[in-house]
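Participant: One file is attached below, final03.pdb, containing PDB, C-alpha atoms.
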ATOM      1  CA  MET A   1       9.373  39.625-116.477
ATOM      2  CA  ARG A   2      12.389  37.433-116.335
ATOM      3  CA  GLY A   3      14.571  40.432-115.514
ATOM      4  CA  ALA A   4      12.283  41.512-112.679
ATOM      5  CA  TRP A   5      12.383  38.012-111.149
ATOM      6  CA  ALA A   6      16.156  37.979-111.334
ATOM      7  CA  GLY A   7      16.312  41.338-109.575
ATOM      8  CA  THR A   8      14.089  40.066-106.754
ATOM      9  CA  VAL A   9      16.255  37.024-106.226
ATOM     10  CA  THR A  10      19.326  39.176-106.121
ATOM     11  CA  ALA A  11      17.755  41.493-103.512
ATOM     12  CA  VAL A  12      16.720  38.585-101.281
ATOM     13  CA  ALA A  13      20.171  37.054-101.476
ATOM     14  CA  ALA A  14      21.725  40.360-100.544
ATOM     15  CA  LEU A  15      19.378  40.671 -97.578
ATOM     16  CA  LEU A  16      20.186  37.170 -96.339
ATOM     17  CA  GLY A  17      23.877  37.873 -96.651
ATOM     18  CA  ALA A  18      23.508  41.025 -94.604
ATOM     19  CA  VAL A  19      21.634  39.168 -91.881
ATOM     20  CA  ALA A  20      24.263  36.426 -91.805
ATOM     21  CA  ALA A  21      27.059  38.948 -91.609
ATOM     22  CA  ALA A  22      25.465  40.925 -88.742
ATOM     23  CA  PRO A  23      27.096  40.207 -85.338
ATOM     24  CA  VAL A  24      25.056  37.980 -82.982
ATOM     25  CA  PRO A  25      24.706  39.600 -79.526
ATOM     26  CA  ALA A  26      26.465  37.580 -76.767
ATOM     27  CA  PRO A  27      24.208  36.023 -74.117
ATOM     28  CA  THR A  28      24.070  37.825 -70.804
ATOM     29  CA  PRO A  29      26.480  36.129 -68.381
ATOM     30  CA  GLY A  30      25.056  34.555 -65.246
ATOM     31  CA  TRP A  31      25.405  35.909 -61.745
ATOM     32  CA  THR A  32      28.640  35.387 -59.816
ATOM     33  CA  ALA A  33      29.739  35.317 -56.171
ATOM     34  CA  GLY A  34      33.184  35.444 -54.614
ATOM     35  CA  ALA A  35      35.445  36.976 -52.024
ATOM     36  CA  ALA A  36      35.600  40.762 -52.192
ATOM     37  CA  ALA A  37      38.275  42.409 -54.365
ATOM     38  CA  GLY A  38      38.445  39.403 -56.646
ATOM     39  CA  ARG A  39      40.265  37.155 -54.192
ATOM     40  CA  PRO A  40      40.093  33.404 -54.897
ATOM     41  CA  TYR A  41      39.048  32.633 -51.310
ATOM     42  CA  VAL A  42      38.343  34.274 -47.956
ATOM     43  CA  TYR A  43      41.304  34.324 -45.558
ATOM     44  CA  LEU A  44      40.863  35.170 -41.865
ATOM     45  CA  GLU A  45      43.267  34.968 -38.947
ATOM     46  CA  GLY A  46      42.781  35.600 -35.243
ATOM     47  CA  ALA A  47      42.991  34.218 -31.730
ATOM     48  CA  ALA A  48      40.423  31.992 -30.057
ATOM     49  CA  GLY A  49      37.576  34.086 -28.681
ATOM     50  CA  SER A  50      37.706  36.703 -31.451
ATOM     51  CA  VAL A  51      35.167  37.711 -34.133
ATOM     52  CA  LEU A  52      36.586  38.110 -37.663
ATOM     53  CA  GLU A  53      34.787  39.924 -40.495
ATOM     54  CA  ASP A  54      34.895  39.862 -44.301
ATOM     55  CA  THR A  55      32.663  40.520 -47.337
ATOM     56  CA  LEU A  56      31.066  38.361 -50.028
ATOM     57  CA  SER A  57      30.510  40.059 -53.404
ATOM     58  CA  VAL A  58      27.510  39.024 -55.543
ATOM     59  CA  SER A  59      27.238  40.423 -59.113
ATOM     60  CA  ASN A  60      23.976  40.410 -61.068
ATOM     61  CA  PRO A  61      24.535  41.311 -64.758
ATOM     62  CA  GLY A  62      20.981  40.337 -65.687
ATOM     63  CA  ALA A  63      18.056  42.560 -66.556
ATOM     64  CA  ARG A  64      15.987  41.662 -63.494
ATOM     65  CA  PRO A  65      16.600  41.590 -59.726
ATOM     66  CA  LEU A  66      18.272  38.478 -58.313
ATOM     67  CA  THR A  67      17.427  36.971 -54.898
ATOM     68  CA  VAL A  68      20.376  35.107 -53.381
ATOM     69  CA  ARG A  69      20.319  32.811 -50.331
ATOM     70  CA  LEU A  70      23.486  32.667 -48.241
ATOM     71  CA  SER A  71      24.778  29.940 -45.904
ATOM     72  CA  GLY A  72      28.025  28.765 -44.343
ATOM     73  CA  GLN A  73      29.584  25.393 -43.576
ATOM     74  CA  GLY A  74      32.565  24.298 -41.507
ATOM     75  CA  THR A  75      32.983  27.468 -39.486
ATOM     76  CA  PRO A  76      30.481  29.435 -37.335
ATOM     77  CA  LEU A  77      29.426  32.049 -39.927
ATOM     78  CA  ALA A  78      26.933  34.853 -39.369
ATOM     79  CA  PHE A  79      25.601  37.030 -42.224
ATOM     80  CA  ALA A  80      24.127  40.509 -42.074
ATOM     81  CA  ALA A  81      21.189  38.923 -43.955
ATOM     82  CA  ARG A  82      20.549  35.336 -45.044
ATOM     83  CA  THR A  83      18.641  36.442 -48.146
ATOM     84  CA  VAL A  84      19.798  39.336 -50.336
ATOM     85  CA  THR A  85      18.106  40.828 -53.426
ATOM     86  CA  VAL A  86      20.615  42.275 -55.893
ATOM     87  CA  PRO A  87      19.188  44.782 -58.404
ATOM     88  CA  ALA A  88      19.748  44.291 -62.154
ATOM     89  CA  ARG A  89      23.249  45.090 -63.419
ATOM     90  CA  THR A  90      24.465  45.652 -59.863
ATOM     91  CA  ARG A  91      27.020  44.201 -57.486
ATOM     92  CA  ALA A  92      26.172  43.778 -53.804
ATOM     93  CA  ASP A  93      28.760  43.364 -51.047
ATOM     94  CA  VAL A  94      27.349  41.300 -48.156
ATOM     95  CA  PRO A  95      29.235  41.459 -44.828
ATOM     96  CA  PHE A  96      29.642  38.313 -42.737
ATOM     97  CA  ALA A  97      31.482  37.378 -39.555
ATOM     98  CA  VAL A  98      33.261  34.264 -38.294
ATOM     99  CA  THR A  99      33.188  33.692 -34.529
ATOM    100  CA  VAL A 100      36.263  31.854 -33.270
ATOM    101  CA  THR A 101      35.026  30.199 -30.089
ATOM    102  CA  ALA A 102      37.253  29.934 -27.020
ATOM    103  CA  GLY A 103      37.616  26.174 -27.500
ATOM    104  CA  THR A 104      38.702  26.312 -31.142
ATOM    105  CA  ALA A 105      41.940  24.416 -31.786
ATOM    106  CA  LEU A 106      45.004  26.327 -32.900
ATOM    107  CA  GLY A 107      46.034  26.056 -36.538
ATOM    108  CA  ASP A 108      44.256  25.988 -39.892
ATOM    109  CA  HIS A 109      40.536  25.375 -40.407
ATOM    110  CA  ARG A 110      38.449  25.174 -43.559
ATOM    111  CA  GLY A 111      34.942  26.356 -44.287
ATOM    112  CA  THR A 112      32.693  27.443 -47.157
ATOM    113  CA  VAL A 113      30.369  30.338 -47.934
ATOM    114  CA  THR A 114      27.569  29.267 -50.294
ATOM    115  CA  ALA A 115      25.391  31.546 -52.436
ATOM    116  CA  ALA A 116      22.343  29.977 -54.121
ATOM    117  CA  ALA A 117      20.007  31.485 -56.736
ATOM    118  CA  ASP A 118      18.161  30.484 -59.919
ATOM    119  CA  GLY A 119      18.708  26.777 -59.237
ATOM    120  CA  ARG A 120      22.496  26.834 -58.887
ATOM    121  CA  GLU A 121      25.067  27.334 -56.133
ATOM    122  CA  VAL A 122      28.422  29.065 -55.939
ATOM    123  CA  ARG A 123      30.794  27.997 -53.178
ATOM    124  CA  VAL A 124      33.547  30.281 -51.902
ATOM    125  CA  PRO A 125      36.311  28.669 -49.777
ATOM    126  CA  VAL A 126      37.053  30.125 -46.334
ATOM    127  CA  HIS A 127      40.540  29.639 -44.836
ATOM    128  CA  LEU A 128      40.734  30.339 -41.105
ATOM    129  CA  ARG A 129      43.945  30.375 -39.084
ATOM    130  CA  VAL A 130      43.585  30.369 -35.292
ATOM    131  CA  SER A 131      46.637  31.714 -33.462
ATOM    132  CA  GLY A 132      47.561  31.810 -29.785
ATOM    133  CA  PRO A 133      49.548  30.046 -27.063
ATOM    134  CA  SER A 134      49.581  26.261 -27.121
ATOM    135  CA  LEU A 135      48.290  24.495 -23.996
ATOM    136  CA  ALA A 136      47.715  20.752 -23.589
ATOM    137  CA  ALA A 137      45.443  19.835 -20.674
ATOM    138  CA  LEU A 138      43.312  16.746 -20.066
ATOM    139  CA  THR A 139      41.000  15.494 -17.305
ATOM    140  CA  VAL A 140      39.222  12.206 -16.533
ATOM    141  CA  GLU A 141      35.787  12.620 -14.942
ATOM    142  CA  ASN A 142      32.667  10.704 -13.853
ATOM    143  CA  VAL A 143      34.336   7.301 -13.425
ATOM    144  CA  ARG A 144      31.990   4.563 -12.210
ATOM    145  CA  LEU A 145      31.409   0.805 -12.376
ATOM    146  CA  ASP A 146      27.889  -0.511 -12.807
ATOM    147  CA  ALA A 147      26.562  -3.804 -11.467
ATOM    148  CA  SER A 148      27.460  -5.642 -14.688
ATOM    149  CA  GLY A 149      31.104  -4.597 -14.400
ATOM    150  CA  THR A 150      30.921  -2.039 -17.229
ATOM    151  CA  LEU A 151      33.212   0.936 -16.733
ATOM    152  CA  HIS A 152      31.906   4.432 -17.503
ATOM    153  CA  TYR A 153      34.110   7.530 -17.755
ATOM    154  CA  THR A 154      34.406  10.938 -19.452
ATOM    155  CA  LEU A 155      37.482  12.524 -21.047
ATOM    156  CA  VAL A 156      37.658  16.338 -21.342
ATOM    157  CA  ASN A 157      40.155  18.403 -23.347
ATOM    158  CA  ARG A 158      40.789  21.466 -21.165
ATOM    159  CA  GLY A 159      43.560  22.925 -23.353
ATOM    160  CA  SER A 160      43.966  24.645 -26.715
ATOM    161  CA  THR A 161      45.473  21.797 -28.761
ATOM    162  CA  VAL A 162      44.048  18.611 -30.247
ATOM    163  CA  LEU A 163      44.738  15.577 -28.042
ATOM    164  CA  ALA A 164      44.732  11.826 -28.731
ATOM    165  CA  PRO A 165      45.024  10.341 -25.205
ATOM    166  CA  ARG A 166      46.187   6.846 -24.286
ATOM    167  CA  LEU A 167      44.203   5.114 -21.555
ATOM    168  CA  THR A 168      45.018   2.487 -18.947
ATOM    169  CA  LEU A 169      42.804   0.742 -16.395
ATOM    170  CA  ARG A 170      43.791  -0.600 -12.976
ATOM    171  CA  ALA A 171      41.469  -2.431 -10.590
ATOM    172  CA  ASP A 172      42.397  -3.482  -7.038
ATOM    173  CA  GLY A 173      40.365  -5.822  -4.865
ATOM    174  CA  ALA A 174      40.489  -6.778  -1.217
ATOM    175  CA  PHE A 175      43.268  -9.325  -1.857
ATOM    176  CA  GLY A 176      45.375  -7.538  -4.480
ATOM    177  CA  THR A 177      45.420  -6.263  -8.066
ATOM    178  CA  LEU A 178      42.699  -7.671 -10.330
ATOM    179  CA  LEU A 179      43.493  -5.788 -13.522
ATOM    180  CA  ASP A 180      46.268  -3.555 -14.877
ATOM    181  CA  ARG A 181      46.277  -3.010 -18.663
ATOM    182  CA  PRO A 182      45.580  -0.524 -21.463
ATOM    183  CA  LEU A 183      41.927  -0.139 -22.329
ATOM    184  CA  ARG A 184      40.846  -2.288 -25.267
ATOM    185  CA  SER A 185      39.316   0.584 -27.256
ATOM    186  CA  PRO A 186      41.675   3.372 -28.387
ATOM    187  CA  GLY A 187      41.257   6.836 -26.943
ATOM    188  CA  PRO A 188      39.273   9.398 -28.956
ATOM    189  CA  THR A 189      40.715  12.473 -30.677
ATOM    190  CA  LEU A 190      39.556  15.487 -28.670
ATOM    191  CA  HIS A 191      39.476  19.070 -29.900
ATOM    192  CA  PRO A 192      39.802  21.926 -27.395
ATOM    193  CA  GLY A 193      36.775  22.047 -25.128
ATOM    194  CA  GLU A 194      35.484  18.724 -26.409
ATOM    195  CA  ARG A 195      34.407  15.897 -24.089
ATOM    196  CA  ALA A 196      33.791  12.231 -24.801
ATOM    197  CA  THR A 197      31.782   9.877 -22.569
ATOM    198  CA  ARG A 198      32.805   6.255 -23.083
ATOM    199  CA  THR A 199      32.173   2.760 -21.719
ATOM    200  CA  GLU A 200      34.488  -0.218 -21.357
ATOM    201  CA  PRO A 201      33.230  -3.761 -20.567
ATOM    202  CA  TRP A 202      34.955  -5.790 -17.849
ATOM    203  CA  PRO A 203      33.789  -9.389 -18.382
ATOM    204  CA  GLU A 204      36.105 -10.752 -15.689
ATOM    205  CA  ALA A 205      34.717  -8.516 -12.935
ATOM    206  CA  PRO A 206      34.658 -10.388  -9.595
ATOM    207  CA  ALA A 207      31.489 -11.887  -8.182
ATOM    208  CA  LEU A 208      32.312 -11.045  -4.569
ATOM    209  CA  ASP A 209      34.837  -8.310  -3.796
ATOM    210  CA  SER A 210      35.341  -4.665  -2.891
ATOM    211  CA  VAL A 211      36.977  -3.031  -5.926
ATOM    212  CA  THR A 212      38.717   0.285  -6.542
ATOM    213  CA  VAL A 213      39.123   1.079 -10.235
ATOM    214  CA  ARG A 214      41.382   3.802 -11.663
ATOM    215  CA  VAL A 215      41.327   5.251 -15.204
ATOM    216  CA  ARG A 216      44.551   7.000 -16.245
ATOM    217  CA  ALA A 217      44.896   9.148 -19.399
ATOM    218  CA  THR A 218      48.121  10.478 -20.924
ATOM    219  CA  ALA A 219      48.728  12.655 -23.999
ATOM    220  CA  PRO A 220      51.870  14.322 -25.422
ATOM    221  CA  GLY A 221      52.525  17.640 -23.722
ATOM    222  CA  ALA A 222      49.783  17.188 -21.105
ATOM    223  CA  ALA A 223      50.085  16.120 -17.493
ATOM    224  CA  ALA A 224      48.725  12.645 -16.782
ATOM    225  CA  ALA A 225      45.132  12.642 -15.566
ATOM    226  CA  GLU A 226      43.543  10.015 -13.318
ATOM    227  CA  ALA A 227      40.226   9.414 -11.595
ATOM    228  CA  ARG A 228      38.870   6.477  -9.629
ATOM    229  CA  ALA A 229      35.672   4.866  -8.427
ATOM    230  CA  GLU A 230      34.787   2.170  -5.889
ATOM    231  CA  ARG A 231      32.204  -0.596  -5.925
ATOM    232  CA  VAL A 232      31.333  -3.690  -3.896
ATOM    233  CA  PHE A 233      30.399  -6.670  -6.081
ATOM    234  CA  VAL A 234      28.017  -9.200  -4.491
ATOM    235  CA  SER A 235      26.287 -11.641  -6.852
ATOM    236  CA  GLY A 236      23.486 -13.971  -5.799
ATOM    237  CA  GLY A 237      25.544 -17.115  -6.287
ATOM    238  CA  ALA A 238      28.528 -15.677  -4.483
ATOM    239  CA  LEU A 239      26.289 -14.496  -1.664
ATOM    240  CA  THR A 240      24.786 -17.979  -1.260
ATOM    241  CA  ALA A 241      28.220 -19.576  -1.297
ATOM    242  CA  GLY A 242      29.496 -16.993   1.155
ATOM    243  CA  ALA A 243      26.572 -17.568   3.492
ATOM    244  CA  GLY A 244      27.194 -21.309   3.333
ATOM    245  CA  ALA A 245      30.854 -20.778   4.158
ATOM    246  CA  LEU A 246      29.912 -18.597   7.123
ATOM    247  CA  LEU A 247      27.493 -21.274   8.395
ATOM    248  CA  VAL A 248      30.151 -23.952   8.073
ATOM    249  CA  ALA A 249      32.626 -21.757   9.916
ATOM    250  CA  ALA A 250      30.084 -20.986  12.625
ATOM    251  CA  GLY A 251      29.184 -24.672  12.988
ATOM    252  CA  SER A 252      32.841 -25.604  13.239
ATOM    253  CA  ALA A 253      33.376 -23.000  15.937
ATOM    254  CA  VAL A 254      30.405 -24.309  17.949
ATOM    255  CA  LEU A 255      31.629 -27.888  17.607
ATOM    256  CA  VAL A 256      35.120 -26.946  18.747
ATOM    257  CA  ALA A 257      33.702 -25.081  21.750
ATOM    258  CA  ARG A 258      31.465 -27.991  22.700
ATOM    259  CA  ARG A 259      34.319 -30.503  22.521
ATOM    260  CA  ARG A 260      36.475 -28.244  24.636
ATOM    261  CA  ARG A 261      33.738 -27.973  27.262
ATOM    262  CA  ASP A 262      33.217 -31.724  27.336
ATOM    263  CA  ARG A 263      36.933 -32.278  27.693
ATOM    264  CA  ASP A 264      37.079 -29.903  30.644
ATOM    265  CA  VAL A 265      34.245 -31.796  32.377
ATOM    266  CA  GLU A 266      35.951 -35.164  31.957
ATOM    267  CA  GLU A 267      39.264 -33.987  33.402
ATOM    268  CA  PRO A 268      39.667 -34.659  37.236
ATOM    269  CA  GLY A 269      39.332 -31.652  39.458
ATOM    270  CA  LEU A 270      39.737 -31.204  43.226
ATOM    271  CA  PRO A 271      39.322 -34.423  45.323
ATOM    272  CA  VAL A 272      35.884 -34.940  46.851
ATOM    273  CA  GLU A 273      35.684 -36.462  50.352
ATOM    274  CA  GLU A 274      33.567 -39.543  50.545
ATOM    275  CA  PRO A 275      31.538 -40.284  53.769
ATOM    276  CA  GLN A 276      33.209 -42.602  56.238
ATOM    277  CA  LEU A 277      31.031 -45.624  56.936
ATOM    278  CA  ALA A 278      32.655 -46.212  60.245
ATOM    279  CA  ASP A 279      31.649 -42.861  61.575
ATOM    280  CA  VAL A 280      28.038 -43.328  60.465
ATOM    281  CA  THR A 281      27.874 -46.681  62.200
ATOM    282  CA  ALA A 282      29.344 -45.271  65.296
ATOM    283  CA  GLY A 283      26.755 -42.602  65.444
ATOM    284  CA  ALA A 284      24.020 -45.141  65.142
ATOM    285  CA  ASP A 285      25.322 -47.168  68.077
ATOM    286  CA  ARG A 286      25.168 -44.151  70.263
TER     287      ARG A 286
END
Take the structure in the file and write it out as structure tokens.

Facilitator:
Amino acid sequence: MRGAWAGTVTAVAALLGAVAAAPVPAPTPGWTAGAAAGRPYVYLEGAAGSVLEDTLSVSNPGARPLTVRLSGQGTPLAFAARTVTVPARTRADVPFAVTVTAGTALGDHRGTVTAAADGREVRVPVHLRVSGPSLAALTVENVRLDASGTLHYTLVNRGSTVLAPRLTLRADGAFGTLLDRPLRSPGPTLHPGERATRTEPWPEAPALDSVTVRVRATAPGAAAAEARAERVFVSGGALTAGAGALLVAAGSAVLVARRRRDRDVEEPGLPVEEPQLADVTAGADR
């Protein structure tokens, strides 16, 4: 009996040792996504106005199909499909395109392709280089002054390079220059095709005047741009004071005219013959 029990223990120990020595199967790796051909990122190059294409590879080593959602950030990306189902143990290559709009600035741009599935995301960098001739062009548009003296204007980048314009303001009234200085707020950074509508307060705007205001914008490599607007400022207080001044002036003019007329009446004119008493008497005697 004791020998049988010893043999059983020995058999169990041998079995446990065999189980411990058996290799443990490695867990199935998760799904992956990246630029095709194993590249670390997507690289595209082209001129403004072109459409550039590439491929995103999604690998599914699992035992069941994998549904992946695709999106893009930073660049205008378009996919053949936003949602892709990759069969088990399969790799799917998903085409996508980047549209380089006509107003895209020259030089390097960054973006990201994102694949999401099973509660996690994989981000693939996109490097875009936009090539082409460099052109700096800037315009000032829609300049106006409102009744409060606030200046409104719009800057437009008409070229193919990024611009950081400097702005100056000049205002001329009926009796000379009222203002000639840089604008208080710095100019915006404008990408090609971009426009910026801005306002600038003018606290010292006149109460009674006819004003022409000019906004001038300059940027390296671009011709200076200028636009102007006109406005007549008439406040209630200034109008009352102006009306009073006109009445005083009118009253003064009437008073001067009246004094001149009275003076003319008092001055001697042509002699007037007086009747001769002798002649009248003589006539009576006859």

Participant: Just say which residues the PyMOL selection byres ((chain A and resi 54) around 6) picks in this file, as a list in words.

Facilitator: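 For this structure, the PyMOL selection byres ((chain A and resi 54) around 6) captures Glu53, Thr55, Pro95 and Phe96 of chain A.
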
Participant: On this structure, the PyMOL selection byres ((chain A and resi 162) around 9) would catch which residues? List them as number ranges by chain, sorted by chain and number.

Facilitator: A: 105-106, 136, 157, 159-161, 163-164, 189-192

Participant: Which one is closest to A:Thr104: A:Ala92, A:Leu135, A:Ala171, A:Ala48? Count all atoms listed in the file.

Facilitator: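 Among the listed residues, A:Ala48 lies closest to A:Thr104.
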
Participant: Kindly resolve the PyMOL selection byres ((chain A and resi 81) around 9) on the present coordinates and return the residues as a ChimeraX atom specification.

Facilitator: /A:69-70,78-80,82-84,94-96

Participant: Go ahead and write the residues just picked, C-alpha atoms, as a PDB file, in the coordinates of the input.

Facilitator:
ATOM      1  CA  ARG A  69      20.319  32.811 -50.331  1.00  0.00           C
ATOM      2  CA  LEU A  70      23.486  32.667 -48.241  1.00  0.00           C
ATOM      3  CA  ALA A  78      26.933  34.853 -39.369  1.00  0.00           C
ATOM      4  CA  PHE A  79      25.601  37.030 -42.224  1.00  0.00           C
ATOM      5  CA  ALA A  80      24.127  40.509 -42.074  1.00  0.00           C
ATOM      6  CA  ARG A  82      20.549  35.336 -45.044  1.00  0.00           C
ATOM      7  CA  THR A  83      18.641  36.442 -48.146  1.00  0.00           C
ATOM      8  CA  VAL A  84      19.798  39.336 -50.336  1.00  0.00           C
ATOM      9  CA  VAL A  94      27.349  41.300 -48.156  1.00  0.00           C
ATOM     10  CA  PRO A  95      29.235  41.459 -44.828  1.00  0.00           C
ATOM     11  CA  PHE A  96      29.642  38.313 -42.737  1.00  0.00           C
TER      12      PHE A  96
END

Participant: Quick one: axis-aligned box around all listed atoms of stretch 63-79 of chain A, 8 Å on every side, centre and edge lengths in Å to one decimal, written as JSON.

Facilitator:
{"center_x": 24.5, "center_y": 33.4, "center_z": -51.9, "size_x": 33.0, "size_y": 34.3, "size_z": 45.2}

Participant: At a cut-off of 10 Å, using all atoms listed in the file, what residues contact A:Pro65? Leave out same-chain residues fewer than 4 positions from it and give the result as a PyMOL selection string.

Facilitator: chain A and resi 60-61+85-90

Participant: Using all atoms listed in the file, which of the listed residues (A:Val156, A:Val126, A:Ala115, A:Leu145) sits closest to A:Val42?

Facilitator: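 So, comparing all the options, the nearest one is A:Val126.
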
Participant: Could you check how far atom CA of A:Arg195 sits from atom CA of A:Leu138, in Å to one decimal?

Facilitator: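 Atom CA of A:Leu138 lies at a distance of 9.8 Å from atom CA of A:Arg195.
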
Participant: Could you give me, as number ranges by chain, the residues within 8 Å of A:Trp202, counting all atoms listed in the file and dropping anything in the same chain fewer than 6 positions from it?

Facilitator: A: 149-151

Participant: In Å, how far is it from atom CA of A:Gly103 to atom CA of A:Ser71?

Facilitator: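 If I compute the distance from atom CA of A:Gly103 to atom CA of A:Ser71, I get 22.8 Å.
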
Participant: Counting all atoms listed in the file, write as a list in words all protein and nucleic acid residues lying at most 6 Å from (35.9, 5.3, -21.0) in the file's frame.

Facilitator: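 Nearby residues: His152, Tyr153, Arg198, Thr199 and Glu200 of chain A.
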